[in-house]
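**Student:** Structure file run04.cif (mmCIF, C-alpha atoms) right here:
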```
data_coords
#
loop_
_atom_site.label_atom_id
_atom_site.label_comp_id
_atom_site.auth_asym_id
_atom_site.auth_seq_id
_atom_site.Cartn_x
_atom_site.Cartn_y
_atom_site.Cartn_z
CA MET T 1 -7.45 2.66 -28.31
CA ASP T 2 -4.04 1.14 -27.60
CA TYR T 3 -3.14 4.19 -25.49
CA LEU T 4 -6.19 3.53 -23.28
CA TRP T 5 -4.79 0.07 -22.47
CA THR T 6 -1.17 1.26 -22.16
CA ILE T 7 -1.72 4.40 -20.13
CA ILE T 8 -4.85 3.71 -18.07
CA LEU T 9 -6.31 0.19 -18.04
CA TYR T 10 -3.16 -1.95 -17.77
CA PRO T 11 -1.55 0.30 -15.13
CA LEU T 12 -4.80 0.14 -13.10
CA ILE T 13 -4.89 -3.65 -13.30
CA TYR T 14 -1.20 -3.87 -12.49
CA ILE T 15 -1.30 -1.64 -9.39
CA PHE T 16 -4.70 -2.69 -8.03
CA PRO T 17 -3.30 -5.48 -5.77
CA ALA T 18 -1.10 -2.85 -4.11
CA TYR T 19 -4.05 -0.50 -3.60
CA VAL T 20 -6.10 -3.30 -2.05
CA ALA T 21 -3.21 -4.46 0.16
CA ASN T 22 -2.74 -0.88 1.34
CA GLY T 23 -6.41 -0.39 2.22
CA ALA T 24 -7.23 -3.78 3.72
CA PRO T 25 -5.47 -3.17 7.07
CA VAL T 26 -7.65 -0.10 7.65
CA ILE T 27 -10.75 -2.29 7.36
CA PHE T 28 -9.54 -5.61 8.79
CA GLY T 29 -6.63 -4.55 11.02
CA GLY T 30 -6.43 -4.20 14.74
CA GLY T 31 -5.16 -6.52 17.38
CA ARG T 32 -1.58 -7.26 18.25
CA PRO T 33 1.05 -4.84 16.89
CA ILE T 34 3.70 -6.31 14.59
CA ASP T 35 6.45 -4.77 16.72
CA LEU T 36 4.87 -6.34 19.85
CA GLY T 37 5.18 -2.96 21.58
CA LYS T 38 8.99 -3.08 21.46
CA LYS T 39 11.09 0.05 21.18
CA PHE T 40 14.19 1.03 19.21
CA ARG T 41 16.33 3.86 20.63
CA GLY T 42 13.56 4.51 23.14
CA LYS T 43 10.86 5.00 20.49
CA PRO T 44 8.22 2.59 19.18
CA ILE T 45 9.47 0.55 16.24
CA LEU T 46 6.26 0.82 14.19
CA GLY T 47 3.49 1.73 16.61
CA LYS T 48 0.20 0.16 17.61
CA HIS T 49 -1.53 0.72 14.23
CA LYS T 50 0.72 -1.69 12.31
CA THR T 51 -0.79 -5.00 13.35
CA ILE T 52 -0.27 -8.65 12.56
CA ARG T 53 -3.89 -9.01 11.48
CA GLY T 54 -3.64 -5.94 9.25
CA PHE T 55 -0.51 -7.33 7.58
CA VAL T 56 -2.06 -10.76 7.04
CA PHE T 57 -5.29 -9.33 5.61
CA GLY T 58 -3.31 -6.91 3.44
CA MET T 59 -1.29 -9.79 2.01
CA LEU T 60 -4.34 -12.01 1.53
CA SER T 61 -6.46 -9.28 -0.07
CA GLY T 62 -3.80 -8.08 -2.50
CA THR T 63 -2.85 -11.65 -3.38
CA LEU T 64 -6.49 -12.53 -4.01
CA ILE T 65 -6.80 -9.61 -6.45
CA GLY T 66 -3.61 -10.75 -8.18
CA ALA T 67 -5.02 -14.28 -8.40
CA LEU T 68 -8.26 -13.01 -9.95
CA PHE T 69 -6.36 -10.95 -12.52
CA SER T 70 -4.14 -13.95 -13.27
CA LEU T 71 -7.13 -15.65 -14.87
CA ALA T 72 -6.59 -13.27 -17.80
CA LEU T 73 -2.95 -12.28 -17.20
CA PRO T 74 -1.16 -15.31 -15.65
CA PHE T 75 1.88 -13.30 -14.48
CA MET T 76 -0.35 -11.22 -12.18
CA PHE T 77 -0.51 -13.91 -9.49
CA VAL T 78 3.15 -13.56 -8.52
CA ILE T 79 3.13 -9.82 -9.17
CA GLY T 80 0.08 -9.51 -6.87
CA ILE T 81 1.96 -11.23 -4.05
CA VAL T 82 5.07 -9.11 -4.52
CA LEU T 83 3.15 -5.84 -4.89
CA SER T 84 1.22 -6.65 -1.70
CA PHE T 85 4.36 -7.38 0.28
CA GLY T 86 6.13 -4.31 -1.11
CA THR T 87 3.14 -2.15 -0.22
CA LEU T 88 2.99 -3.34 3.37
CA PHE T 89 6.77 -3.21 3.77
CA GLY T 90 6.84 0.35 2.43
CA ASP T 91 4.05 1.40 4.78
CA MET T 92 5.87 -0.14 7.75
CA PHE T 93 9.16 1.46 6.67
CA GLY T 94 7.41 4.83 6.61
CA SER T 95 6.03 4.22 10.10
CA PHE T 96 9.48 3.23 11.35
CA ILE T 97 11.01 6.44 9.93
CA LYS T 98 8.23 8.57 11.41
CA ARG T 99 8.52 6.94 14.85
CA GLN T 100 12.31 7.40 14.84
CA MET T 101 11.87 11.05 13.85
CA GLY T 102 9.62 11.42 16.90
CA HIS T 103 6.34 11.85 15.03
CA LYS T 104 3.26 10.48 16.74
CA GLU T 105 1.00 7.95 15.04
CA GLY T 106 -1.44 9.59 12.69
CA LYS T 107 0.94 12.47 11.89
CA ASP T 108 0.84 13.16 8.16
CA ILE T 109 4.18 13.64 6.45
CA PHE T 110 3.58 15.03 2.98
CA LEU T 111 4.50 12.62 0.17
CA MET T 112 5.73 9.88 2.53
CA ASP T 113 2.23 8.81 3.54
CA GLN T 114 0.87 9.17 0.03
CA TYR T 115 3.63 7.52 -1.99
CA LEU T 116 6.05 5.40 0.05
CA PHE T 117 3.85 2.29 -0.13
CA LEU T 118 3.61 2.73 -3.90
CA ILE T 119 7.33 3.26 -4.41
CA PHE T 120 8.18 0.11 -2.45
CA ALA T 121 5.51 -1.92 -4.21
CA LEU T 122 6.88 -0.90 -7.60
CA LEU T 123 10.51 -1.44 -6.56
CA PHE T 124 9.75 -4.94 -5.30
CA ALA T 125 7.79 -5.85 -8.45
CA PHE T 126 10.12 -4.28 -11.02
CA PRO T 127 12.43 -7.32 -11.35
CA LEU T 128 9.43 -9.50 -12.31
CA GLY T 129 8.86 -7.63 -15.56
CA ASN T 130 5.54 -6.71 -17.19
CA PHE T 131 5.97 -3.20 -15.79
CA PRO T 132 3.60 -0.47 -17.01
CA SER T 133 4.93 2.11 -19.49
CA ILE T 134 6.39 5.37 -18.21
CA TYR T 135 3.09 7.07 -19.08
CA GLY T 136 1.25 4.37 -17.18
CA LEU T 137 3.48 4.99 -14.17
CA ILE T 138 2.81 8.72 -14.35
CA PHE T 139 -0.92 7.94 -14.41
CA ILE T 140 -0.52 5.65 -11.37
CA PHE T 141 1.32 8.34 -9.39
CA ILE T 142 -1.29 10.99 -10.21
CA LEU T 143 -4.15 8.62 -9.43
CA THR T 144 -2.53 7.55 -6.16
CA GLY T 145 -2.32 11.15 -4.96
CA VAL T 146 -5.99 11.74 -5.73
CA LEU T 147 -7.20 8.39 -4.35
CA HIS T 148 -5.16 8.74 -1.16
CA LYS T 149 -6.93 11.96 -0.18
CA PHE T 150 -10.36 10.69 -1.21
CA THR T 151 -10.21 7.21 0.37
CA ASN T 152 -8.70 8.45 3.62
CA LYS T 153 -11.46 11.03 4.05
CA ILE T 154 -14.06 8.30 3.48
CA ALA T 155 -12.32 5.97 5.94
CA HIS T 156 -12.23 8.76 8.52
CA LYS T 157 -15.94 9.54 8.08
CA ALA T 158 -16.69 5.81 8.38
CA LYS T 159 -14.72 5.82 11.66
CA LEU T 160 -12.16 3.37 10.25
CA LYS T 161 -9.34 5.90 10.69
CA GLU T 162 -8.71 8.37 13.49
CA VAL T 163 -7.36 11.03 11.11
CA PRO T 164 -8.55 12.06 7.63
CA TRP T 165 -5.15 11.63 5.91
#
```
The structure in this file should be written as structure tokens.

**Tutor:**
Amino acid sequence: MDYLWTIILYPLIYIFPAYVANGAPVIFGGGRPIDLGKKFRGKPILGKHKTIRGFVFGMLSGTLIGALFSLALPFMFVIGIVLSFGTLFGDMFGSFIKRQMGHKEGKDIFLMDQYLFLIFALLFAFPLGNFPSIYGLIFIFILTGVLHKFTNKIAHKAKLKEVPW
């Protein structure tokens, strides 16, 4: 039973604020772009889909999940904040790279769109400790790949996203 906690349940609890922070901008985003329409080297910095409202709601949603989990695991409040910020930063970093490479918004770049938010979230949170086991991390990466495809298709069908990836 200990493996269930170590490999599945704890990693799910740990990463859930990042998942929520990553999905919230799709639901609550819109409005003014974070880059205010500015360009870098003649190309958009982030693009119109990375918005101030999306960032704020991503931070609030992920932090709220971390706060709820902190009722049982007190360290999760701070980890929830850091995971949320890392998630949103990683997503924006990916958008910046894609814009500078000349890719249009909505263009899927294999692995970058699926995992960059997760990698940044984990990198930002690593110094705080309480990290999942290596097997838990493997589970998170596998689950993220599956969930990314599934949730994006649902968001596209619900007309929350223009593209199904």

**Student:** Out of T:Phe85, T:Phe16, T:Trp5, T:Phe96, which residue has the shortest atom-to-atom distance to Lys43 in chain T when counting all atoms listed in the file?

**Tutor:**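 Using all atoms listed in the file, Lys43 in chain T sits closest to T:Phe96.
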
**Student:** Got a sec: who's within 10 Å of range 104-111 of chain T, counting only C-alpha atoms, leaving out chain neighbours fewer than 4 positions off, as JSON, numbers by chain?

**Tutor:** {"T": [44, 46, 47, 48, 49, 94, 95, 98, 99, 100, 115, 116, 145, 161, 162, 163, 164, 165]}

**Student:** Counting only C-alpha atoms, figure out which residue out of T:Phe75, T:Phe93, T:Phe141, T:Tyr19 gets nearest to Phe120 in chain T.

**Tutor:**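 The shortest atom-to-atom distance to Phe120 in chain T comes from T:Phe93.
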
**Student:** So which one's closest to Ile52 in chain T, T:Ala125, T:Val78, T:Leu88, T:Ile140? Using only C-alpha atoms, please.

**Tutor:**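 Going through T:Ala125, T:Val78, T:Leu88, T:Ile140 one by one, the smallest distance to Ile52 in chain T is for T:Leu88.
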
**Student:** As an exercise, work out the distance from CA of Val56 in chain T to CA of Met76 in chain T in Å and give it to one decimal place.

**Tutor:**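 These two atoms are separated by 19.3 Å.
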
**Student:** Just give me the gap between CA of Tyr3 in chain T and CA of Ala67 in chain T in Å, one decimal is fine.

**Tutor:**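 Taking CA of Tyr3 in chain T as the start and CA of Ala67 in chain T as the end point, the length is 25.2 Å.
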
**Student:** Given the file shown, enumerate the residues that the PyMOL selection byres ((chain T and resi 58) around 10) captures and present them as a PyMOL selection string.

**Tutor:** chain T and resi 17-29+52-57+59-64+84-85+87-88

**Student:** So how far away is CA of Lys153 in chain T from CA of Tyr135 in chain T, in Å?

**Tutor:**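 Computing the Euclidean distance for CA of Tyr135 in chain T and CA of Lys153 in chain T yields 27.6 Å.
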
**Student:** So, with only C-alpha atoms as the atoms that count, which of T:Leu73, T:Leu12, T:Lys38, T:Gly80 lies closest to Thr144 in chain T?

**Tutor:**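 Smallest distance to Thr144 in chain T is found for T:Leu12.
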
**Student:** Expand the PyMOL selection byres ((chain T and resi 130) around 9) into the explicit residue set it covers here, and present it as a list in words.

**Tutor:**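 Output of the PyMOL selection byres ((chain T and resi 130) around 9): Tyr14, Phe75, Met76, Ile79, Phe126, Leu128, Gly129, Phe131 and Pro132 of chain T.
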
**Student:** Give me a file of those residues, with C-alpha atoms, as a PDB file, in the coordinates of the input.

**Tutor:**
```pdb
ATOM      1  CA  TYR T  14      -1.200  -3.870 -12.490  1.00  0.00           C
ATOM      2  CA  PHE T  75       1.880 -13.300 -14.480  1.00  0.00           C
ATOM      3  CA  MET T  76      -0.350 -11.220 -12.180  1.00  0.00           C
ATOM      4  CA  ILE T  79       3.130  -9.820  -9.170  1.00  0.00           C
ATOM      5  CA  PHE T 126      10.120  -4.280 -11.020  1.00  0.00           C
ATOM      6  CA  LEU T 128       9.430  -9.500 -12.310  1.00  0.00           C
ATOM      7  CA  GLY T 129       8.860  -7.630 -15.560  1.00  0.00           C
ATOM      8  CA  PHE T 131       5.970  -3.200 -15.790  1.00  0.00           C
ATOM      9  CA  PRO T 132       3.600  -0.470 -17.010  1.00  0.00           C
TER      10      PRO T 132
END
```

**Student:** Which of these, T:Leu71, T:Ile154, T:Leu160, T:Ile65, has the shortest distance to Ile15 in chain T once you count all atoms listed in the file?

**Tutor:** T:Ile65
